[in-house]
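Data block for upload-v7.tsv (TSV, C-alpha atoms):
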```
chain	number	residue	atom	x	y	z
A	1	MET	CA	-19.14	34.20	-44.16
A	2	ALA	CA	-17.57	36.93	-42.06
A	3	ALA	CA	-20.89	37.73	-40.43
A	4	ALA	CA	-21.67	34.08	-39.79
A	5	SER	CA	-18.30	33.48	-38.11
A	6	GLN	CA	-19.07	36.08	-35.45
A	7	ARG	CA	-22.28	34.39	-34.29
A	8	SER	CA	-22.34	32.44	-31.00
A	9	PRO	CA	-22.46	28.62	-31.29
A	10	THR	CA	-26.12	28.60	-30.29
A	11	SER	CA	-27.04	31.06	-33.04
A	12	ARG	CA	-25.25	29.16	-35.79
A	13	PRO	CA	-27.42	27.15	-38.15
A	14	GLN	CA	-27.35	23.54	-37.00
A	15	ARG	CA	-26.61	21.08	-39.77
A	16	ARG	CA	-28.40	17.77	-39.44
A	17	ASP	CA	-28.00	15.03	-42.01
A	18	SER	CA	-31.35	13.56	-42.97
A	19	GLN	CA	-29.76	10.14	-43.49
A	20	GLY	CA	-28.14	10.10	-40.01
A	21	ARG	CA	-24.67	10.96	-41.17
A	22	PRO	CA	-22.50	13.43	-39.15
A	23	PRO	CA	-21.98	16.93	-40.50
A	24	GLN	CA	-18.96	17.44	-42.73
A	25	ASP	CA	-17.76	20.97	-41.96
A	26	GLY	CA	-18.70	23.92	-39.80
A	27	TYR	CA	-20.96	23.84	-36.79
A	28	GLY	CA	-23.41	21.02	-36.26
A	29	VAL	CA	-25.28	18.76	-33.87
A	30	TYR	CA	-25.07	15.02	-34.12
A	31	THR	CA	-26.52	12.16	-32.04
A	32	TYR	CA	-24.54	8.97	-32.43
A	33	PRO	CA	-26.26	5.73	-33.42
A	34	ASN	CA	-26.06	4.25	-29.92
A	35	SER	CA	-27.84	7.40	-28.65
A	36	PHE	CA	-25.51	7.55	-25.63
A	37	PHE	CA	-23.40	10.38	-27.12
A	38	ARG	CA	-24.50	13.69	-28.52
A	39	TYR	CA	-22.11	16.26	-29.95
A	40	GLU	CA	-22.61	19.97	-30.47
A	41	GLY	CA	-19.79	21.91	-32.03
A	42	GLU	CA	-17.39	22.30	-34.90
A	43	TRP	CA	-16.66	19.73	-37.61
A	44	ARG	CA	-14.06	19.25	-40.29
A	45	GLY	CA	-14.12	16.52	-42.86
A	46	GLY	CA	-16.92	14.70	-41.04
A	47	LYS	CA	-14.98	14.62	-37.74
A	48	THR	CA	-15.28	16.63	-34.57
A	49	HIS	CA	-12.63	19.32	-34.85
A	50	GLY	CA	-12.31	22.63	-33.03
A	51	ARG	CA	-14.47	23.69	-30.09
A	52	GLY	CA	-17.37	21.52	-29.05
A	53	LYS	CA	-19.34	19.78	-26.33
A	54	LEU	CA	-19.82	16.04	-26.05
A	55	LEU	CA	-22.78	15.07	-23.87
A	56	PHE	CA	-23.32	11.64	-22.34
A	57	LYS	CA	-26.72	10.14	-21.67
A	58	ASP	CA	-25.93	9.72	-17.90
A	59	GLY	CA	-25.39	13.48	-17.51
A	60	SER	CA	-21.63	13.53	-17.93
A	61	TYR	CA	-20.05	15.83	-20.50
A	62	TYR	CA	-16.83	17.14	-21.99
A	63	GLU	CA	-16.50	20.66	-23.30
A	64	GLY	CA	-13.38	21.91	-24.99
A	65	GLU	CA	-11.07	21.21	-27.89
A	66	PHE	CA	-11.26	18.37	-30.43
A	67	VAL	CA	-8.70	17.34	-33.04
A	68	ASP	CA	-9.58	14.96	-35.88
A	69	GLY	CA	-12.39	13.30	-33.95
A	70	GLU	CA	-10.46	12.97	-30.67
A	71	ILE	CA	-10.61	14.86	-27.38
A	72	VAL	CA	-7.25	16.61	-27.43
A	73	GLY	CA	-6.24	19.96	-25.94
A	74	GLU	CA	-7.76	22.14	-23.24
A	75	GLY	CA	-11.14	21.28	-21.86
A	76	CYS	CA	-13.46	20.60	-18.96
A	77	ARG	CA	-14.92	17.24	-17.95
A	78	LEU	CA	-17.73	16.29	-15.57
A	79	TRP	CA	-18.33	12.72	-14.35
A	80	ALA	CA	-21.97	12.39	-13.34
A	81	SER	CA	-21.43	9.20	-11.34
A	82	SER	CA	-18.92	10.78	-8.94
A	83	GLY	CA	-19.62	14.47	-9.32
A	84	ASN	CA	-15.92	15.16	-9.86
A	85	THR	CA	-14.81	17.77	-12.37
A	86	TYR	CA	-11.54	18.36	-14.20
A	87	SER	CA	-10.24	21.35	-16.08
A	88	GLY	CA	-6.99	21.19	-17.96
A	89	GLN	CA	-5.16	19.29	-20.67
A	90	PHE	CA	-6.51	16.17	-22.41
A	91	VAL	CA	-4.91	13.57	-24.66
A	92	LEU	CA	-7.12	11.03	-26.47
A	93	GLY	CA	-10.01	11.62	-24.11
A	94	GLU	CA	-8.03	11.28	-20.87
A	95	PRO	CA	-6.87	14.01	-18.51
A	96	GLN	CA	-3.15	14.24	-19.22
A	97	GLY	CA	-0.69	17.04	-18.62
A	98	HIS	CA	-1.45	19.83	-16.19
A	99	GLY	CA	-4.87	20.40	-14.72
A	100	VAL	CA	-7.15	20.85	-11.75
A	101	MET	CA	-9.35	18.05	-10.40
A	102	LYS	CA	-12.12	18.96	-7.97
A	103	TYR	CA	-13.75	16.21	-5.90
A	104	LYS	CA	-17.39	16.33	-4.93
A	105	ALA	CA	-16.61	14.72	-1.54
A	106	GLY	CA	-14.23	17.61	-0.84
A	107	GLY	CA	-10.71	18.55	-1.76
A	108	ARG	CA	-8.88	19.24	-4.97
A	109	TYR	CA	-5.74	18.34	-6.87
A	110	GLU	CA	-3.67	20.63	-9.04
A	111	GLY	CA	-0.70	19.31	-10.92
A	112	GLU	CA	0.40	16.74	-13.45
A	113	LEU	CA	-1.70	13.79	-14.60
A	114	SER	CA	-1.30	10.82	-16.92
A	115	ARG	CA	-4.25	8.84	-18.29
A	116	GLY	CA	-6.52	10.38	-15.70
A	117	LEU	CA	-4.29	9.56	-12.70
A	118	ARG	CA	-2.10	11.80	-10.57
A	119	GLU	CA	1.41	11.38	-11.92
A	120	GLY	CA	4.41	13.65	-11.41
A	121	HIS	CA	4.44	16.76	-9.25
A	122	GLY	CA	1.31	18.25	-7.75
A	123	CYS	CA	-0.58	19.56	-4.75
A	124	LEU	CA	-3.41	17.58	-3.16
A	125	VAL	CA	-5.85	19.02	-0.61
A	126	ASP	CA	-8.10	16.34	0.91
A	127	GLN	CA	-11.59	16.74	2.31
A	128	ASP	CA	-10.17	17.34	5.81
A	129	GLY	CA	-8.03	20.24	4.63
A	130	GLN	CA	-4.75	18.33	4.83
A	131	VAL	CA	-2.25	19.44	2.20
A	132	TYR	CA	0.33	17.31	0.39
A	133	GLN	CA	2.77	18.83	-2.04
A	134	GLY	CA	5.25	16.66	-3.86
A	135	SER	CA	5.59	13.66	-6.15
A	136	PHE	CA	2.86	11.25	-7.25
A	137	HIS	CA	2.91	7.90	-9.01
A	138	ASN	CA	-0.09	5.88	-10.10
A	139	ASN	CA	-2.45	8.28	-8.31
A	140	ARG	CA	-0.63	7.91	-4.95
A	141	ARG	CA	1.84	9.99	-2.99
A	142	HIS	CA	5.15	8.49	-3.98
A	143	GLY	CA	8.64	9.97	-3.87
A	144	ARG	CA	9.59	13.15	-2.07
A	145	GLY	CA	6.87	15.25	-0.54
A	146	GLN	CA	5.66	17.52	2.23
A	147	MET	CA	2.46	17.03	4.22
A	148	ALA	CA	0.60	19.38	6.54
A	149	PHE	CA	-1.80	17.36	8.70
A	150	GLN	CA	-5.14	18.38	10.17
A	151	ASN	CA	-3.76	18.45	13.73
A	152	GLY	CA	-0.97	20.85	12.75
A	153	ASP	CA	1.85	18.30	12.42
A	154	LYS	CA	4.15	18.64	9.39
A	155	TYR	CA	6.19	16.01	7.57
A	156	ASP	CA	8.91	16.38	4.97
A	157	GLY	CA	10.45	13.25	3.51
A	158	ASP	CA	10.01	10.10	1.48
A	159	TRP	CA	6.73	8.42	0.51
A	160	VAL	CA	5.98	4.99	-0.91
A	161	ARG	CA	2.45	4.17	-2.16
A	162	ASP	CA	0.71	6.78	0.00
A	163	GLN	CA	2.70	5.98	3.16
A	164	ARG	CA	5.64	7.68	4.83
A	165	GLN	CA	8.54	5.37	4.17
A	166	GLY	CA	12.27	5.99	3.94
A	167	HIS	CA	13.85	9.05	5.56
A	168	GLY	CA	11.79	11.93	6.87
A	169	VAL	CA	11.36	14.66	9.46
A	170	LEU	CA	8.20	15.15	11.52
A	171	TRP	CA	7.46	18.39	13.36
A	172	CYS	CA	4.66	17.99	15.94
A	173	THR	CA	2.44	20.76	17.21
A	174	ASP	CA	3.55	20.11	20.80
A	175	GLY	CA	7.15	21.00	19.86
A	176	SER	CA	8.48	17.45	19.52
A	177	THR	CA	10.51	16.50	16.44
A	178	TYR	CA	11.55	13.19	14.92
A	179	GLU	CA	14.14	12.69	12.22
A	180	GLY	CA	15.04	9.29	10.90
A	181	GLN	CA	13.71	6.21	9.16
A	182	TRP	CA	10.05	5.38	8.53
A	183	HIS	CA	8.14	2.32	7.41
A	184	SER	CA	4.38	2.04	6.82
A	185	ASN	CA	3.71	5.46	8.35
A	186	VAL	CA	5.50	4.82	11.68
A	187	PHE	CA	9.00	5.34	13.09
A	188	SER	CA	11.04	2.31	12.09
A	189	GLY	CA	14.81	2.04	11.92
A	190	LEU	CA	17.41	4.49	13.20
A	191	GLY	CA	16.00	7.81	14.33
A	192	THR	CA	16.20	10.63	16.83
A	193	MET	CA	13.30	12.13	18.75
A	194	VAL	CA	13.63	15.40	20.63
A	195	HIS	CA	10.57	15.36	22.87
A	196	CYS	CA	8.82	18.56	23.87
A	197	SER	CA	9.69	17.79	27.50
A	198	GLY	CA	13.39	17.94	26.62
A	199	VAL	CA	13.94	14.17	26.62
A	200	VAL	CA	16.07	13.00	23.67
A	201	TYR	CA	16.03	9.45	22.32
A	202	HIS	CA	18.51	8.36	19.67
A	203	GLY	CA	18.46	4.77	18.57
A	204	MET	CA	16.44	2.07	16.87
A	205	TRP	CA	12.67	2.11	16.53
A	206	ILE	CA	10.28	-0.73	15.68
A	207	ASN	CA	6.62	-0.11	14.81
A	208	GLY	CA	6.74	3.38	16.28
A	209	HIS	CA	8.31	2.39	19.61
A	210	PRO	CA	11.91	2.78	20.85
A	211	VAL	CA	13.76	-0.53	21.02
A	212	ALA	CA	15.76	0.45	24.12
A	213	GLN	CA	13.02	2.35	25.95
A	214	ALA	CA	13.19	2.52	29.73
A	215	THR	CA	10.31	0.79	31.51
A	216	ARG	CA	11.24	1.33	35.16
A	217	THR	CA	13.34	3.45	37.52
A	218	VAL	CA	15.68	1.65	39.93
A	219	ILE	CA	17.41	3.16	42.98
A	220	LEU	CA	20.70	1.32	43.32
A	221	GLY	CA	22.16	0.07	46.60
A	222	PRO	CA	21.23	-2.37	49.37
A	223	GLU	CA	17.64	-3.26	50.07
A	224	VAL	CA	17.79	-1.13	53.23
A	225	MET	CA	19.99	1.95	53.27
A	226	ASP	CA	21.45	2.89	56.66
A	227	VAL	CA	22.11	6.56	57.30
A	228	ALA	CA	23.29	8.31	60.46
A	229	HIS	CA	21.05	10.96	61.96
A	230	SER	CA	21.59	14.44	60.47
A	231	SER	CA	23.91	13.01	57.80
A	232	SER	CA	23.55	13.39	54.05
A	233	PHE	CA	23.55	10.52	51.60
A	234	THR	CA	23.68	9.84	47.85
A	235	LEU	CA	21.09	8.20	45.63
A	236	ARG	CA	22.18	6.56	42.39
A	237	VAL	CA	19.44	5.90	39.87
A	238	GLU	CA	19.19	3.88	36.66
A	239	LEU	CA	16.55	3.77	33.97
A	240	GLN	CA	16.26	0.12	33.00
A	241	GLN	CA	14.61	-1.86	30.24
A	242	ASP	CA	12.49	-4.95	30.79
A	243	ASN	CA	15.58	-7.15	30.50
A	244	GLY	CA	17.39	-5.21	33.24
A	245	GLU	CA	19.82	-3.45	30.94
A	246	VAL	CA	20.34	0.28	31.26
A	247	ALA	CA	18.41	2.36	28.72
A	248	GLU	CA	21.43	4.38	27.62
A	249	THR	CA	19.86	5.90	24.52
A	250	GLY	CA	17.73	8.38	26.42
A	251	GLY	CA	18.74	11.92	27.33
A	252	GLY	CA	17.42	14.22	30.00
A	253	MET	CA	15.81	17.59	30.23
A	254	PRO	CA	18.15	20.47	29.35
A	255	ARG	CA	16.64	22.57	32.13
A	256	CYS	CA	15.71	20.77	35.34
A	257	PRO	CA	14.11	22.09	38.53
A	258	GLU	CA	16.47	22.26	41.49
A	259	ASP	CA	14.96	19.19	43.16
A	260	CYS	CA	15.15	17.12	39.97
A	261	ARG	CA	18.04	15.50	38.14
A	262	ARG	CA	18.75	15.13	34.48
A	263	VAL	CA	19.20	11.58	33.20
A	264	GLU	CA	22.30	11.05	31.06
A	265	ARG	CA	22.74	7.75	29.23
A	266	GLY	CA	20.19	6.13	31.51
A	267	ARG	CA	21.75	7.22	34.80
A	268	ALA	CA	21.28	9.99	37.35
A	269	GLN	CA	22.63	10.81	40.78
A	270	PHE	CA	21.29	12.79	43.74
A	271	THR	CA	24.12	13.92	46.04
A	272	ASP	CA	24.05	15.51	49.51
A	273	VAL	CA	20.49	14.40	50.13
A	274	CYS	CA	19.27	15.27	53.63
A	275	LEU	CA	15.97	14.43	55.29
A	276	GLY	CA	14.39	17.59	56.55
A	277	PRO	CA	12.47	18.09	59.79
A	278	PRO	CA	8.97	16.65	60.07
A	279	PRO	CA	6.04	18.93	59.42
A	280	PRO	CA	4.33	20.65	62.36
A	281	GLY	CA	2.06	18.33	64.30
A	282	TYR	CA	3.75	15.22	62.93
A	283	GLN	CA	3.35	12.13	65.12
A	284	PRO	CA	5.54	9.09	64.42
A	285	ILE	CA	3.72	5.83	63.71
A	286	PRO	CA	4.86	3.14	66.18
A	287	PHE	CA	5.72	-0.39	65.12
A	288	LEU	CA	4.55	-2.87	67.79
A	289	ASP	CA	6.49	-5.95	68.79
A	290	SER	CA	4.77	-9.34	69.04
A	291	LYS	CA	3.78	-8.98	72.73
A	292	GLN	CA	2.33	-5.55	72.16
A	293	GLU	CA	0.47	-6.76	69.05
A	294	LYS	CA	-1.23	-9.46	71.15
A	295	ALA	CA	-2.14	-6.90	73.76
A	296	SER	CA	-3.46	-4.51	71.15
A	297	SER	CA	-5.79	-7.23	69.91
A	298	ARG	CA	-7.80	-7.00	73.14
A	299	PRO	CA	-11.07	-5.05	73.08
A	300	ARG	CA	-10.55	-1.33	73.12
A	301	GLY	CA	-10.74	0.24	76.57
A	302	SER	CA	-9.47	-2.92	78.30
A	303	LEU	CA	-5.73	-3.33	77.75
A	304	GLY	CA	-5.49	-5.83	80.65
A	305	PRO	CA	-3.50	-5.79	83.87
A	306	GLY	CA	-0.02	-4.36	83.62
A	307	VAL	CA	-0.28	-3.47	79.88
A	308	THR	CA	0.36	0.07	78.83
A	309	THR	CA	0.09	1.84	75.56
A	310	PRO	CA	3.37	1.67	73.60
A	311	THR	CA	5.24	4.90	73.29
A	312	VAL	CA	7.72	6.32	70.84
A	313	HIS	CA	10.81	8.29	71.76
A	314	ASP	CA	9.88	11.92	71.93
A	315	PRO	CA	11.84	14.36	69.84
A	316	PRO	CA	14.59	16.23	71.69
A	317	ALA	CA	13.00	18.77	74.06
A	318	GLY	CA	13.72	20.59	77.26
A	319	SER	CA	11.86	20.07	80.54
A	320	ARG	CA	10.56	22.29	83.30
A	321	PRO	CA	10.01	21.48	86.97
A	322	ASP	CA	6.30	22.03	86.51
A	323	GLY	CA	6.22	19.33	83.81
A	324	ALA	CA	5.58	21.65	80.89
A	325	ALA	CA	7.91	20.89	77.99
A	326	LYS	CA	9.37	23.51	75.72
A	327	ALA	CA	10.20	22.06	72.29
A	328	GLU	CA	13.56	22.85	70.79
A	329	PRO	CA	13.83	23.57	67.06
A	330	VAL	CA	14.08	20.39	64.97
A	331	THR	CA	16.52	20.60	62.06
A	332	ALA	CA	16.53	17.02	60.77
A	333	ALA	CA	14.28	14.01	60.51
A	334	PHE	CA	13.79	11.85	63.57
A	335	PRO	CA	15.68	8.58	63.77
A	336	GLY	CA	13.54	5.81	62.36
A	337	GLU	CA	12.64	4.11	59.13
A	338	TYR	CA	11.48	5.85	56.01
A	339	VAL	CA	10.52	5.10	52.42
A	340	ILE	CA	12.01	7.27	49.67
A	341	LEU	CA	9.83	7.78	46.60
A	342	LEU	CA	11.40	8.77	43.29
A	343	ARG	CA	8.96	9.94	40.60
A	344	ASP	CA	9.29	10.53	36.88
A	345	VAL	CA	8.48	14.23	36.47
A	346	THR	CA	8.93	14.37	32.70
A	347	ASN	CA	6.21	16.76	31.55
A	348	PRO	CA	4.50	15.86	29.37
A	349	PRO	CA	5.42	12.15	29.70
A	350	PHE	CA	7.70	10.80	26.99
A	351	LEU	CA	5.49	9.23	24.30
A	352	GLY	CA	2.57	9.55	26.72
A	353	ARG	CA	3.96	7.12	29.28
A	354	ALA	CA	5.42	8.02	32.69
A	355	LEU	CA	7.77	5.58	34.43
A	356	PRO	CA	6.47	3.92	37.62
A	357	THR	CA	7.52	5.43	40.94
A	358	ALA	CA	10.65	3.87	42.48
A	359	PHE	CA	10.96	3.12	46.22
A	360	LYS	CA	13.87	2.66	48.63
A	361	HIS	CA	13.81	1.61	52.31
A	362	LEU	CA	15.86	4.06	54.42
A	363	ARG	CA	16.85	3.54	58.07
A	364	VAL	CA	18.09	6.56	60.03
A	365	SER	CA	20.05	5.68	63.19
A	366	LYS	CA	20.76	7.87	66.19
A	367	GLY	CA	23.90	9.89	66.26
A	368	ASP	CA	25.36	7.69	69.03
A	369	GLY	CA	25.20	4.65	66.77
A	370	THR	CA	22.33	2.91	68.58
A	371	ALA	CA	19.52	1.33	66.68
A	372	ALA	CA	16.79	3.62	65.51
A	373	PRO	CA	13.30	3.34	66.95
A	374	HIS	CA	10.86	1.72	64.60
A	375	SER	CA	8.86	4.70	63.46
A	376	ARG	CA	8.14	6.57	60.29
```

Starting from the file, lay out its structure as structure tokens.
Amino acid sequence: MAAASQRSPTSRPQRRDSQGRPPQDGYGVYTYPNSFFRYEGEWRGGKTHGRGKLLFKDGSYYEGEFVDGEIVGEGCRLWASSGNTYSGQFVLGEPQGHGVMKYKAGGRYEGELSRGLREGHGCLVDQDGQVYQGSFHNNRRHGRGQMAFQNGDKYDGDWVRDQRQGHGVLWCTDGSTYEGQWHSNVFSGLGTMVHCSGVVYHGMWINGHPVAQATRTVILGPEVMDVAHSSSFTLRVELQQDNGEVAETGGGMPRCPEDCRRVERGRAQFTDVCLGPPPPGYQPIPFLDSKQEKASSRPRGSLGPGVTTPTVHDPPAGSRPDGAAKAEPVTAAFPGEYVILLRDVTNPPFLGRALPTAFKHLRVSKGDGTAAPHSR
């Protein structure tokens, strides 16, 4: 008996009952009446007990421990239909307890199971390499858990039936962070986003979008701003929603370039703004009155008797007897009419959307108070 107990299972004498009954004790091979199952292993009292291997006709199998005719204990299972394998604890034929499930499509799960489903705490790696570590219920991510996504983003928070729901924190690869409420995998409820550009939004979110998000930039003041030549002026700016209310929930960049302004509670202000001199070679564009417009409609080269080309006031310059002019340095913009453009320079744009450029009509008058020539 001692010598026989040291033999490998394949070298043991296989007991086969001539009348089709299963072996009683020891090692034996038995094919069940429906011919779908075949067992090779240890028996006790006519039941599978000890170490053995149960083979299925479709190619599936279980190899491991048996107790009183049931699959109980440590073992390994292969499902031929899916190609998945499991190694770990079994109770009454089902993976239950701690184990490792490997999926043929890619990925693996290591952790607690109940009746073959992920239940409790575990770590799931999917076929894309994304890693979830946390609580499971009914085979889904449910409870508290951490997720590392394929694009490098990381999430730590609550889950409900495989979706981020409740409170959680998201760290994005671009440096942006969001902390707050979630529903169905998107920002929903009260939350704070610190964007990688430096913009901060604190407030309500619906379906992943800020409720009080600014949609346009408005330069406050009259339709036409009048400014004296060589004088400075102030621009007051608001970020407004579609309904015209100020988007006060947004914050500005902590570090702004000198020619930019940080938005605080939806407002910004540019003070001591001065229009600089025109670039070299700049020629003002004349605005023609009605008589000149009619004359300009004549064929080119034939302006008609007594009609001359309209002129624009030359910039201040000296004169010489011989007619040659010597230009004096220009330190400010010429009197005339201008359009101020105010751009959203948030980089990268907040949530991928830059605000439209704002415009303001500016009229610069001469220092003596006379009307400015119509030029830009």

message = Please compute the CA of Arg21 in chain A-CA of Gly93 in chain A distance, one decimal, in Å.
response = 22.5 Å

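Every polymer residue reaching to within 6 Å of (13.9, 17.0, 62.1), counting all atoms listed in the file, appears in this list: A:Gly276, A:Pro277, A:Pro278, A:Val330, A:Thr331, A:Ala332, A:Ala333, A:Phe334.
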
inquiry  = If we count only C-alpha atoms and set the cut-off at 8 Å, which residues sit around Gln240 in chain A, ignoring sequence neighbours fewer than 3 positions away in its own chain? Please answer as a ChimeraX atom specification.
reply    = /A:214-218,243-247,266

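For Gly143 in chain A, the residues within 12 Å (counting only C-alpha atoms, excluding itself and residues fewer than 6 positions away along the chain) are Glu119, Gly120, His121, Gly122, Tyr132, Gln133, Gly134, Ser135, Phe136, His137, Asp156, Gly157, Asp158, Trp159, Val160, Arg161, Asp162, Gln163, Arg164, Gln165, Gly166, His167 and Gly168 of chain A.
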
C-alpha atoms of the current selection, written as an mmCIF file, in the coordinates of the input:
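Now in result_24.cif:
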```
data_model
loop_
_atom_site.group_PDB
_atom_site.id
_atom_site.type_symbol
_atom_site.label_atom_id
_atom_site.label_comp_id
_atom_site.auth_asym_id
_atom_site.auth_seq_id
_atom_site.Cartn_x
_atom_site.Cartn_y
_atom_site.Cartn_z
ATOM 1 C CA GLU A 119 1.410 11.380 -11.920
ATOM 2 C CA GLY A 120 4.410 13.650 -11.410
ATOM 3 C CA HIS A 121 4.440 16.760 -9.250
ATOM 4 C CA GLY A 122 1.310 18.250 -7.750
ATOM 5 C CA TYR A 132 0.330 17.310 0.390
ATOM 6 C CA GLN A 133 2.770 18.830 -2.040
ATOM 7 C CA GLY A 134 5.250 16.660 -3.860
ATOM 8 C CA SER A 135 5.590 13.660 -6.150
ATOM 9 C CA PHE A 136 2.860 11.250 -7.250
ATOM 10 C CA HIS A 137 2.910 7.900 -9.010
ATOM 11 C CA ASP A 156 8.910 16.380 4.970
ATOM 12 C CA GLY A 157 10.450 13.250 3.510
ATOM 13 C CA ASP A 158 10.010 10.100 1.480
ATOM 14 C CA TRP A 159 6.730 8.420 0.510
ATOM 15 C CA VAL A 160 5.980 4.990 -0.910
ATOM 16 C CA ARG A 161 2.450 4.170 -2.160
ATOM 17 C CA ASP A 162 0.710 6.780 0.000
ATOM 18 C CA GLN A 163 2.700 5.980 3.160
ATOM 19 C CA ARG A 164 5.640 7.680 4.830
ATOM 20 C CA GLN A 165 8.540 5.370 4.170
ATOM 21 C CA GLY A 166 12.270 5.990 3.940
ATOM 22 C CA HIS A 167 13.850 9.050 5.560
ATOM 23 C CA GLY A 168 11.790 11.930 6.870
#
```

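The space between CA of Gly41 in chain A and CA of Lys102 in chain A spans 25.4 Å.
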
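Atom to atom, CA of Ala148 in chain A and CA of Val169 in chain A stand 12.1 Å apart.
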
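Take the candidates A:Val364, A:Leu355, A:Ile206, A:Ala212 and check each one against Tyr338 in chain A using only C-alpha atoms; the shortest distance goes to A:Val364.
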
Nearest to Tyr30 in chain A, chosen from A:Lys104, A:Arg118, A:His183, A:Lys53, with all atoms listed in the file counted in the distances = A:Lys53

request  = Please provide as a PyMOL selection string all residues within 6 Å of Arg51 in chain A, with the sequence filter that same-chain residues fewer than 6 positions apart are discarded (counting all atoms listed in the file).
outcome  = chain A and resi 41-42+64-65

query = Could you name the residues that touch His229 in chain A at 7 Å or less, counting only C-alpha atoms, but leaving out those on the same chain fewer than 5 positions away, as a PyMOL selection string?
reply = chain A and resi 335+364-367
